[in-house]
Amino acid sequence: TLQKSKVKYTHNIQFTSILFIGTGNMTTKTESSLPTSIILVYKQWAKQIDRYKNMMTNLAYILEPVGIRVAMYDAFENFADEEMWKFPKFWSEPFLYILKDDINSRSPTLIADANPEPLDDHDATSEDDEVGHKWKDLPFTQSAILKSLKKLVPEVEHAWLTVKEKVQERRRIVAKEAEEARIKKEEEDKKAQEEAEKLDEYLTTIEKVDVSEEGEEGGAFKQTLEKGRDGETPSIGSQVYVHYTGKLLNGQVFDSSRERDEVFQFKLGTQSVIKCWDRAFRYMSAGEKAVLTCTPSYAYGETGSPPKIPPNATLRFEVELISFDGPEILRDEL
């Protein structure tokens, strides 16, 4: 559980880089009612970081009437003083801090801190979560944090009935949002499936060109939707600039440069992209739009590319070759 701490920071914590997701409604600053802050300090690659962020969002909603500030701090994007935050030398799991403003100092006082305790491999059991934490030692659950706050922060203890009501209210909101998200996804999946079926029907009218390597026929296909401006095609080593939308055969989009409004570029024939692309773009001219069908051996194979591309998936790309530069050796000669 969260542990009480008598540590008092000598550094002034700069809140300008901290993302506050709940500021509470406390306006007074008497010594008995100074604002309390809960801060999650994390790195982007922490396991299940989305789960932790969702938990903090829930806490911000629940604790708002009590006047407790809830915040998150990205220690990768922003400087994090290891001495100030009391980090170990190497860390990846998030840390949770409870701080209280000090009327006599510019720096808040740390009243509790905690981080998940990883399991040793030989300790893993079915009772452990997927991150490998011991649940009995895991403070990173909403219930455990609220119970600890009740013990450590008088404002929470005094408003405990209100806190419990906000927990139930938040659960109803989350359940409603989850149901709305489920319905929206079903509608999007249905629409994607209908569009995929229409495209399948349309592609039956367009010549399919096998662009696989010799002896590997059937691995990658190109079907031209719109011809390019001229017949010149890029060579191996050319820098190509493309737009694309990648879909599964059911029409579900897994990636799109158009949605990001960002042209994608790569060097042709250098294995920096999937094999299907390295082959297909050799047969396209600038301005050409086409549909590429890539079997698993020419895409992401038996492993796929989790979480969006499953194993052994045949992929379809709607692509446009915007332009290309000649191979570097040719530019040097010029």
# chains A, B, ... in the order shown; residues from 1 in each chain; ligands from 1

call {"tool": "residues_around", "arguments": {"residues": "Gly251 (chain A)", "least_positions_apart": "5", "cutoff": "6 Å", "atoms": "only C-alpha atoms", "output": "number ranges by chain"}}
result
A: 192-193, 196

call {"tool": "write_last_selection", "arguments": {"atoms": "C-alpha atoms", "output": "mmCIF file, in the first residue's frame"}}
result
data_model
loop_
_atom_site.group_PDB
_atom_site.id
_atom_site.type_symbol
_atom_site.label_atom_id
_atom_site.label_comp_id
_atom_site.auth_asym_id
_atom_site.auth_seq_id
_atom_site.Cartn_x
_atom_site.Cartn_y
_atom_site.Cartn_z
ATOM 1 C CA ALA A 192 -15.850 -1.032 -43.452
ATOM 2 C CA GLN A 193 -17.111 -4.489 -44.427
ATOM 3 C CA ALA A 196 -14.520 -3.812 -48.650
#

call {"tool": "atom_distance", "arguments": {"atom1": "CA of Met55 (chain A)", "atom2": "CA of Ser143 (chain A)"}}
result
10.1 Å

call {"tool": "residues_around", "arguments": {"residues": "region 235-240 of chain A", "least_positions_apart": "4", "cutoff": "9 Å", "atoms": "only C-alpha atoms", "output": "compact mmCIF listing (two decimals) with N, CA and C atoms, in the first residue's frame"}}
result
# COMPACT_ATOMS: atom_id res chain seq x y z
N PHE A 264 4.59 9.56 -46.64
CA PHE A 264 5.56 8.56 -46.19
C PHE A 264 6.64 8.39 -47.25
N GLN A 265 7.88 8.26 -46.82
CA GLN A 265 8.97 8.08 -47.76
C GLN A 265 9.88 6.95 -47.32
N PHE A 266 10.47 6.28 -48.30
CA PHE A 266 11.42 5.21 -48.00
C PHE A 266 12.31 4.98 -49.22
N LYS A 267 13.40 4.28 -49.00
CA LYS A 267 14.34 3.97 -50.08
C LYS A 267 13.97 2.61 -50.66
N LEU A 268 13.68 2.59 -51.92
CA LEU A 268 13.17 1.39 -52.58
C LEU A 268 14.23 0.29 -52.67
N GLY A 269 13.79 -0.94 -52.37
CA GLY A 269 14.65 -2.10 -52.53
C GLY A 269 15.67 -2.30 -51.44
N THR A 270 15.50 -1.66 -50.30
CA THR A 270 16.48 -1.78 -49.21
C THR A 270 15.91 -2.52 -48.01
N ASP A 278 8.37 -3.17 -51.61
CA ASP A 278 9.65 -3.12 -52.33
C ASP A 278 9.49 -3.61 -53.76
N PHE A 281 6.24 -0.99 -55.94
CA PHE A 281 6.51 0.39 -56.34
C PHE A 281 7.53 0.48 -57.47
N ARG A 282 8.23 -0.62 -57.76
CA ARG A 282 9.13 -0.62 -58.91
C ARG A 282 8.36 -0.53 -60.22
N LEU A 321 1.75 6.82 -55.62
CA LEU A 321 3.15 7.21 -55.73
C LEU A 321 3.18 8.68 -56.11
N ILE A 322 3.50 9.52 -55.15
CA ILE A 322 3.47 10.97 -55.38
C ILE A 322 4.65 11.39 -56.25
N SER A 323 5.84 10.94 -55.87
CA SER A 323 7.05 11.28 -56.64
C SER A 323 8.18 10.38 -56.19
N PHE A 324 9.31 10.49 -56.88
CA PHE A 324 10.50 9.74 -56.45
C PHE A 324 11.75 10.44 -56.96
N ASP A 325 12.83 10.24 -56.23
CA ASP A 325 14.14 10.74 -56.64
C ASP A 325 14.95 9.57 -57.18
N GLY A 326 15.87 9.86 -58.10
CA GLY A 326 16.71 8.82 -58.63
C GLY A 326 17.64 8.27 -57.55
N PRO A 327 18.24 7.10 -57.78
CA PRO A 327 19.20 6.55 -56.83
C PRO A 327 20.34 7.52 -56.57
N GLU A 328 20.88 7.47 -55.36
CA GLU A 328 21.93 8.43 -54.99
C GLU A 328 23.11 8.39 -55.92
N ILE A 329 23.46 7.22 -56.41
CA ILE A 329 24.63 7.11 -57.28
C ILE A 329 24.42 7.92 -58.55
